[in-house]
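K.L.:
This is the structure, below, for whatever I ask next.
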Amino acid sequence: MTTISPSILSADFSKLGADCRMVLDAGAKMLHYDVMDGHFVPNISFGVPVLKSLHKAMPDAFYDVHLMITHPQQYAEAFAKAGASLLNFHLECDDDIQETIDAIKAQGCKVGMTIKPGTPVEELGYYLDQLDLVLVMSVEPGFGGQKFMPSALDKLRWLKTEKERRGLRFLLEVDGGVDAATAPQCVAAGADVLVAGSAIYGAADPAAAVRALAAL
Ligand code: DX5
Ligand code: ZN
């Protein structure tokens, strides 16, 4: 079984609560919450207040928050208080990396780090022993519904090898263009957690799509 974290960026925001419940009922273990600031990425999504409402309605869900924002450090407290279970930020952000990790941990949140497709995976090496999760982007962040970039598979393999060699505990997650065709390749390359947006919410039967991915 593989952990599925549906990207609710592809949900219908007019019925966001119901769309979250549906994937949780289908067996999704996390909700992937894509925060975009219109600066780090050329798109704007949702922020603290929406997370707060979801958490109030579904307090037991695991909120896998993906911060595609230039300054994650100053928002760690607000997202943690709103209900984030894990705060995942980009190595390419403008904040001090160690200070941002520390700020997230100080809030009692799990901490994850992410890299864009153009960033060498080895640049994460120094931080790996402090992380609960590492997210490999398999599209340029900013939009759902893009095509999977196979170069992510080499990064997953490198991270899995490092994890085993160093005896580390982080979960390995992949995000972008993950669907029935690409998900098996990601799992074979070492992914523990699959993020999928359009492949779930764009499916005729989203619950069946969650179950099919989770069965990998
Ligand atoms: C992209 C986001 C992804 C996106 C995934 O910037 O980080 O989480 O919503 O969407 P799909 O699965 O449609 O590629
Ligand atoms: Zn994401």
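Every chain in the structure tokens takes a letter, A first, then B, and so on in the order presented; its residues are numbered from 1, and the ligands are numbered from 1 following the presented order.
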What are the closest atom pairs, with distances in Å to one decimal, for each residue of chain A lying within 10 Å of ligand 1, using only C-alpha atoms and all ligand atoms, rows by chain and rising residue number, as CSV?

P.N.:
residue,atom,partner,partner_atom_place_in_ligand_line,distance
A:Ser5,CA,ligand 1,8 (O),9.1
A:Pro6,CA,ligand 1,12 (O),7.8
A:Ser7,CA,ligand 1,9 (O),5.0
A:Ile8,CA,ligand 1,9 (O),7.0
A:Leu9,CA,ligand 1,9 (O),5.1
A:Ser10,CA,ligand 1,9 (O),6.3
A:Ala11,CA,ligand 1,9 (O),9.5
A:His32,CA,ligand 1,8 (O),6.8
A:Tyr33,CA,ligand 1,8 (O),7.5
A:Asp34,CA,ligand 1,7 (O),5.6
A:Val35,CA,ligand 1,7 (O),8.2
A:Met36,CA,ligand 1,6 (O),8.0
A:Val41,CA,ligand 1,6 (O),8.0
A:Pro42,CA,ligand 1,6 (O),9.7
A:Asn43,CA,ligand 1,6 (O),8.8
A:Ser45,CA,ligand 1,6 (O),9.9
A:Val65,CA,ligand 1,8 (O),9.7
A:His66,CA,ligand 1,7 (O),6.7
A:Leu67,CA,ligand 1,7 (O),8.6
A:Met68,CA,ligand 1,7 (O),7.5
A:Thr114,CA,ligand 1,7 (O),9.9
A:Lys116,CA,ligand 1,6 (O),9.6
A:Leu135,CA,ligand 1,7 (O),9.7
A:Val136,CA,ligand 1,7 (O),10.0
A:Met137,CA,ligand 1,7 (O),7.3
A:Ser138,CA,ligand 1,14 (O),8.2
A:Val139,CA,ligand 1,1 (C),6.9
A:Glu140,CA,ligand 1,6 (O),6.5
A:Pro141,CA,ligand 1,6 (O),3.3
A:Gly142,CA,ligand 1,6 (O),3.7
A:Phe143,CA,ligand 1,6 (O),4.5
A:Gly144,CA,ligand 1,10 (O),3.5
A:Gly145,CA,ligand 1,13 (O),3.6
A:Gln146,CA,ligand 1,14 (O),5.1
A:Lys147,CA,ligand 1,14 (O),7.0
A:Phe148,CA,ligand 1,14 (O),7.4
A:Val174,CA,ligand 1,8 (O),9.0
A:Asp175,CA,ligand 1,8 (O),5.5
A:Gly176,CA,ligand 1,14 (O),3.6
A:Gly177,CA,ligand 1,14 (O),3.7
A:Val178,CA,ligand 1,12 (O),5.4
A:Asp179,CA,ligand 1,12 (O),7.2
A:Leu194,CA,ligand 1,12 (O),9.1
A:Val195,CA,ligand 1,12 (O),6.2
A:Ala196,CA,ligand 1,12 (O),3.7
A:Gly197,CA,ligand 1,12 (O),3.5
A:Ser198,CA,ligand 1,13 (O),3.8
A:Ala199,CA,ligand 1,12 (O),5.9
A:Ile200,CA,ligand 1,12 (O),7.7
A:Tyr201,CA,ligand 1,13 (O),8.5
A:Gly202,CA,ligand 1,13 (O),8.4

K.L.:
From range 144-180 of chain A, collect each residue whose DSSP state is alpha helix (DSSP H) and return the set as a list of chain:residue names.

P.N.:
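Answer for range 144-180 of chain A restricted to alpha helix (DSSP H) is A:Ser151, A:Ala152, A:Leu153, A:Asp154, A:Lys155, A:Leu156, A:Arg157, A:Trp158, A:Leu159, A:Lys160, A:Thr161, A:Glu162, A:Lys163, A:Glu164, A:Arg165, A:Arg166.
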
K.L.:
Export, as a tab-separated table (two decimals), in the first residue's frame, the selected residues with N, CA and C atoms.

P.N.:
chain	number	residue	atom	x	y	z
A	151	SER	N	12.78	12.98	-15.00
A	151	SER	CA	14.02	13.26	-14.26
A	151	SER	C	13.80	13.16	-12.75
A	152	ALA	N	12.54	13.27	-12.32
A	152	ALA	CA	12.25	13.11	-10.88
A	152	ALA	C	12.58	11.71	-10.38
A	153	LEU	N	12.53	10.73	-11.28
A	153	LEU	CA	12.76	9.34	-10.84
A	153	LEU	C	14.19	9.15	-10.35
A	154	ASP	N	15.15	9.77	-11.03
A	154	ASP	CA	16.55	9.66	-10.59
A	154	ASP	C	16.72	10.30	-9.21
A	155	LYS	N	16.02	11.41	-8.98
A	155	LYS	CA	16.11	12.07	-7.67
A	155	LYS	C	15.53	11.18	-6.58
A	156	LEU	N	14.40	10.54	-6.88
A	156	LEU	CA	13.81	9.62	-5.89
A	156	LEU	C	14.79	8.49	-5.58
A	157	ARG	N	15.41	7.95	-6.60
A	157	ARG	CA	16.35	6.84	-6.38
A	157	ARG	C	17.54	7.30	-5.54
A	158	TRP	N	18.03	8.49	-5.82
A	158	TRP	CA	19.18	9.00	-5.05
A	158	TRP	C	18.79	9.18	-3.58
A	159	LEU	N	17.61	9.75	-3.36
A	159	LEU	CA	17.15	9.99	-1.98
A	159	LEU	C	16.93	8.67	-1.25
A	160	LYS	N	16.37	7.70	-1.95
A	160	LYS	CA	16.14	6.40	-1.29
A	160	LYS	C	17.47	5.76	-0.89
A	161	THR	N	18.44	5.86	-1.78
A	161	THR	CA	19.76	5.29	-1.49
A	161	THR	C	20.39	6.00	-0.29
A	162	GLU	N	20.31	7.33	-0.27
A	162	GLU	CA	20.87	8.10	0.84
A	162	GLU	C	20.18	7.75	2.16
A	163	LYS	N	18.86	7.63	2.07
A	163	LYS	CA	18.07	7.32	3.27
A	163	LYS	C	18.53	5.98	3.86
A	164	GLU	N	18.70	4.99	3.00
A	164	GLU	CA	19.10	3.68	3.50
A	164	GLU	C	20.55	3.68	3.96
A	165	ARG	N	21.40	4.32	3.21
A	165	ARG	CA	22.83	4.36	3.55
A	165	ARG	C	23.06	5.04	4.90
A	166	ARG	N	22.30	6.10	5.16
A	166	ARG	CA	22.49	6.88	6.39
A	166	ARG	C	21.52	6.49	7.49

K.L.:
Between CA of Ala183 in chain A and CA of Cys109 in chain A, what is the distance in Å, rounded to a tenth?

P.N.:
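These two atoms are separated by 27.5 Å.
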
K.L.:
Restricting the calculation to only C-alpha atoms, which member of A:Thr119, A:Ser53, A:Gln74, A:Gln130 is positioned closest to Asp95 in chain A?

P.N.:
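Using only C-alpha atoms, Asp95 in chain A sits closest to A:Gln74.
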
K.L.:
Can you pull out the residues contacting Tyr63 in chain A? Cut-off 10 Å, using only C-alpha atoms, and skip same-chain residues under 6 positions away; I want them as a ChimeraX atom specification.

P.N.:
/A:5,29-33,51,54-55,80,83-87

K.L.:
Give the strand (DSSP E or B) residues of range 75-125 of chain A, as DSSP finds them on the backbone, and put them as an NGL selection string.

P.N.:
:A and (86-90 or 110-115)

K.L.:
Counting only C-alpha atoms, which of A:Gly38, A:Gly17, A:Gly47, A:Pro120 gets nearest to Pro59 in chain A?

P.N.:
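Of A:Gly38, A:Gly17, A:Gly47, A:Pro120, the one nearest Pro59 in chain A is A:Gly17, counting only C-alpha atoms.
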
K.L.:
Could you work out how far CA of Ala28 in chain A lies from CA of Ala207 in chain A, giving the answer in Å with one decimal?

P.N.:
9.1 Å

K.L.:
Restricting the calculation to only C-alpha atoms: of A:Asp60, A:Glu77, A:Val193, A:Phe40, which residue gets closest to Glu92 in chain A?

P.N.:
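When distances to Glu92 in chain A are compared using only C-alpha atoms, the smallest one comes from A:Phe40.
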
K.L.:
Go through A:Ile69, A:Ala181, A:Cys20, A:Val187 and flag the residue nearest ligand 2, using only C-alpha atoms and all ligand atoms for the distances.

P.N.:
A:Ile69

K.L.:
Which one is closest to Gln107 in chain A: A:Tyr127, A:Phe170, A:Phe13, A:Tyr75? Count only C-alpha atoms.

P.N.:
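Using only C-alpha atoms, the shortest distance to Gln107 in chain A belongs to A:Tyr75.
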
K.L.:
Could you tell me which of A:Gly112, A:Pro72, A:Pro150, A:Gly118 comes closest to Gln185 in chain A if we count only C-alpha atoms?

P.N.:
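Among the listed residues, the smallest separation from Gln185 in chain A belongs to A:Pro150.
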